[in-house]
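Chemist: Before anything else, here's the structure in question.
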Amino acid sequence: MSTLTGTLRNIWEAFFPAHPTPTEQATNTVLLVLFALTIAILVWQEVSNRRRQREVRRSLMDATPVSAAEFLENWRIGKRGSGLGYGGTDESGCYVIMTDPVYDEAGEVSYEAVYVGQSIHVAQRVRAHLTGHGNGDVYADVRAGKPVEVRMVRCAPSDLNATERSLIAAFDATSSYNRTRGGSKGR
């Protein structure tokens, strides 16, 4: 008998003796039910998280992509509050900044690097990154003349943390420019 099999058998016999007393049977039943519920909850949470990641990524990818140059050019077209230009329409939301995005025939995107963030004033925050007052890696890409694309999705301030975390996971941004899994402690 292998060591693993023997170890599993010993664990099983410790928790489930051959001739359990009624109290041991009741305890074992409760433990099994609790274990099964815990596993079911963990599976449900994982499925829900993955579904949310797909939905958030899909909604973001439905947003119109804007190059960094176009974003900065259109920052301020009209007066504040006029609704013209990105500076005039600033709202809460999340954003994804992609370096060197490439789209395949199915519309799926691959990229050299990605940065995901959130802000109560999303357009101002994106502008800060593109002008050297945010993530240094993003700014280095802009300064190097690499193709940089911005996508923004509006969301309520109460949804910013969850949306940002989902986007970071969906774009695997912690393996790129994001250093954390997201979610501001202040919100």
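Going by the structure tokens order, chains are called A, B, ..., each with residues numbered from 1, while ligands are numbered from 1 in the order shown.
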Just want the 12 Å neighbourhood of A:Tyr139, counted on only C-alpha atoms, with same-chain residues fewer than 4 positions away dropped. Output as a count of residues only.
Modeler: 22
Chemist: Can you list every residue of stretch 66-149 of chain A that has an atom at most 10 Å from stretch 41-61 of chain A, with its nearest atom pair and the distance in Å to one decimal, using only C-alpha atoms, ordered by chain then number, as CSV?
Modeler:
```
residue,atom,partner,partner_atom,distance
A:Cys94,CA,A:Leu60,CA,9.0
A:Tyr95,CA,A:Leu60,CA,8.2
A:Val96,CA,A:Leu60,CA,8.2
A:Gly107,CA,A:Met61,CA,9.0
A:Glu108,CA,A:Met61,CA,8.8
A:Val109,CA,A:Met61,CA,8.9
```
Chemist: Please return as a count of residues only: the residues of chain A that backbone DSSP assigns to strand (DSSP E).
Modeler: 27
Chemist: Got a sec: who's within 12 Å of stretch 1-18 of chain A, counting only C-alpha atoms, leaving out chain neighbours fewer than 5 positions off, as a ChimeraX atom specification?
Modeler: /A:23-29,31-32
Chemist: Skip stretch 156-166 of chain A itself and residues of its chain fewer than 5 positions away, then list as a ChimeraX atom specification all residues within 7 Å of it, counting only C-alpha atoms.
Modeler: /A:52-53,56,92-94,116-118,120,181-184
Chemist: Nearest residue to A:Thr64 out of A:Leu167, A:Ala173, A:Ala123, A:Met152, using only C-alpha atoms?
Modeler: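 Checking each of A:Leu167, A:Ala173, A:Ala123, A:Met152 against A:Thr64, counting only C-alpha atoms, the winner is A:Met152.
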Chemist: Using atom CA of A:Pro22 and atom CA of A:Leu37 as the two end points, give the distance in Å to one decimal.
Modeler: 22.6 Å
Chemist: DSSP on the backbone: which residues in stretch 23-173 of chain A end up as helix (DSSP H, G or I)? Give the answer as an MDAnalysis selection string.
Modeler: chainID A and resid 23:62 68:73 86:89 122:130 136:143 157:170 173
Chemist: Residues as selected, C-alpha atoms, written as an mmCIF file, in the first residue's frame, can you do that?
Modeler:
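The result, stored in selection.cif:
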```cif
data_model
loop_
_atom_site.group_PDB
_atom_site.id
_atom_site.type_symbol
_atom_site.label_atom_id
_atom_site.label_comp_id
_atom_site.auth_asym_id
_atom_site.auth_seq_id
_atom_site.Cartn_x
_atom_site.Cartn_y
_atom_site.Cartn_z
ATOM 1 C CA THR A 23 -22.842 10.342 19.231
ATOM 2 C CA GLU A 24 -19.907 9.765 16.864
ATOM 3 C CA GLN A 25 -22.336 9.069 14.014
ATOM 4 C CA ALA A 26 -24.195 12.330 14.666
ATOM 5 C CA THR A 27 -20.930 14.287 14.919
ATOM 6 C CA ASN A 28 -19.612 12.738 11.699
ATOM 7 C CA THR A 29 -22.846 13.538 9.889
ATOM 8 C CA VAL A 30 -22.720 17.165 11.012
ATOM 9 C CA LEU A 31 -19.053 17.434 9.984
ATOM 10 C CA LEU A 32 -19.773 15.950 6.554
ATOM 11 C CA VAL A 33 -22.680 18.332 5.994
ATOM 12 C CA LEU A 34 -20.587 21.345 7.065
ATOM 13 C CA PHE A 35 -17.722 20.221 4.837
ATOM 14 C CA ALA A 36 -20.056 19.766 1.860
ATOM 15 C CA LEU A 37 -21.640 23.194 2.443
ATOM 16 C CA THR A 38 -18.221 24.838 2.680
ATOM 17 C CA ILE A 39 -17.104 23.251 -0.590
ATOM 18 C CA ALA A 40 -20.379 24.258 -2.278
ATOM 19 C CA ILE A 41 -20.010 27.870 -1.102
ATOM 20 C CA LEU A 42 -16.385 28.045 -2.288
ATOM 21 C CA VAL A 43 -17.303 26.644 -5.708
ATOM 22 C CA TRP A 44 -20.251 29.049 -6.004
ATOM 23 C CA GLN A 45 -18.014 32.019 -5.108
ATOM 24 C CA GLU A 46 -15.400 31.010 -7.678
ATOM 25 C CA VAL A 47 -18.015 30.550 -10.405
ATOM 26 C CA SER A 48 -19.602 33.904 -9.517
ATOM 27 C CA ASN A 49 -16.227 35.679 -9.551
ATOM 28 C CA ARG A 50 -15.311 34.261 -12.947
ATOM 29 C CA ARG A 51 -18.711 35.181 -14.371
ATOM 30 C CA ARG A 52 -18.332 38.749 -13.068
ATOM 31 C CA GLN A 53 -14.839 38.985 -14.553
ATOM 32 C CA ARG A 54 -16.141 37.908 -17.968
ATOM 33 C CA GLU A 55 -19.080 40.341 -17.790
ATOM 34 C CA VAL A 56 -16.932 43.289 -16.714
ATOM 35 C CA ARG A 57 -14.291 42.533 -19.348
ATOM 36 C CA ARG A 58 -17.010 42.222 -22.012
ATOM 37 C CA SER A 59 -18.621 45.541 -21.017
ATOM 38 C CA LEU A 60 -15.229 47.244 -21.027
ATOM 39 C CA MET A 61 -14.304 45.765 -24.407
ATOM 40 C CA ASP A 62 -17.628 47.067 -25.768
ATOM 41 C CA ALA A 68 -3.499 58.010 -25.587
ATOM 42 C CA ALA A 69 -2.800 60.792 -28.097
ATOM 43 C CA GLU A 70 -6.503 61.163 -28.942
ATOM 44 C CA PHE A 71 -7.443 61.156 -25.260
ATOM 45 C CA LEU A 72 -4.993 63.952 -24.458
ATOM 46 C CA GLU A 73 -5.959 65.909 -27.582
ATOM 47 C CA TYR A 86 -13.000 64.078 -21.539
ATOM 48 C CA GLY A 87 -12.352 66.772 -18.937
ATOM 49 C CA GLY A 88 -15.951 67.969 -19.167
ATOM 50 C CA THR A 89 -17.544 64.549 -18.703
ATOM 51 C CA VAL A 122 -11.863 58.538 -14.021
ATOM 52 C CA ALA A 123 -10.893 60.842 -16.907
ATOM 53 C CA GLN A 124 -8.675 62.977 -14.662
ATOM 54 C CA ARG A 125 -6.959 59.867 -13.339
ATOM 55 C CA VAL A 126 -6.325 58.488 -16.836
ATOM 56 C CA ARG A 127 -4.899 61.860 -17.849
ATOM 57 C CA ALA A 128 -2.589 61.772 -14.818
ATOM 58 C CA HIS A 129 -1.187 58.404 -15.925
ATOM 59 C CA LEU A 130 -0.684 59.571 -19.504
ATOM 60 C CA GLY A 136 5.472 55.358 -14.206
ATOM 61 C CA ASP A 137 5.409 52.308 -16.473
ATOM 62 C CA VAL A 138 2.382 53.632 -18.367
ATOM 63 C CA TYR A 139 4.005 57.035 -18.779
ATOM 64 C CA ALA A 140 7.254 55.429 -19.986
ATOM 65 C CA ASP A 141 5.273 53.629 -22.713
ATOM 66 C CA VAL A 142 3.580 56.890 -23.771
ATOM 67 C CA ARG A 143 6.929 58.736 -23.837
ATOM 68 C CA PRO A 157 -18.629 54.792 -6.565
ATOM 69 C CA SER A 158 -19.942 51.905 -4.453
ATOM 70 C CA ASP A 159 -19.039 49.451 -7.264
ATOM 71 C CA LEU A 160 -15.522 50.750 -7.962
ATOM 72 C CA ASN A 161 -13.609 48.252 -5.801
ATOM 73 C CA ALA A 162 -15.426 45.167 -7.065
ATOM 74 C CA THR A 163 -15.227 46.315 -10.693
ATOM 75 C CA GLU A 164 -11.522 47.114 -10.425
ATOM 76 C CA ARG A 165 -10.747 43.741 -8.815
ATOM 77 C CA SER A 166 -12.704 41.935 -11.527
ATOM 78 C CA LEU A 167 -10.901 43.834 -14.292
ATOM 79 C CA ILE A 168 -7.475 43.199 -12.764
ATOM 80 C CA ALA A 169 -8.259 39.486 -12.608
ATOM 81 C CA ALA A 170 -9.845 39.412 -16.087
ATOM 82 C CA ALA A 173 -2.944 42.807 -14.674
#
```
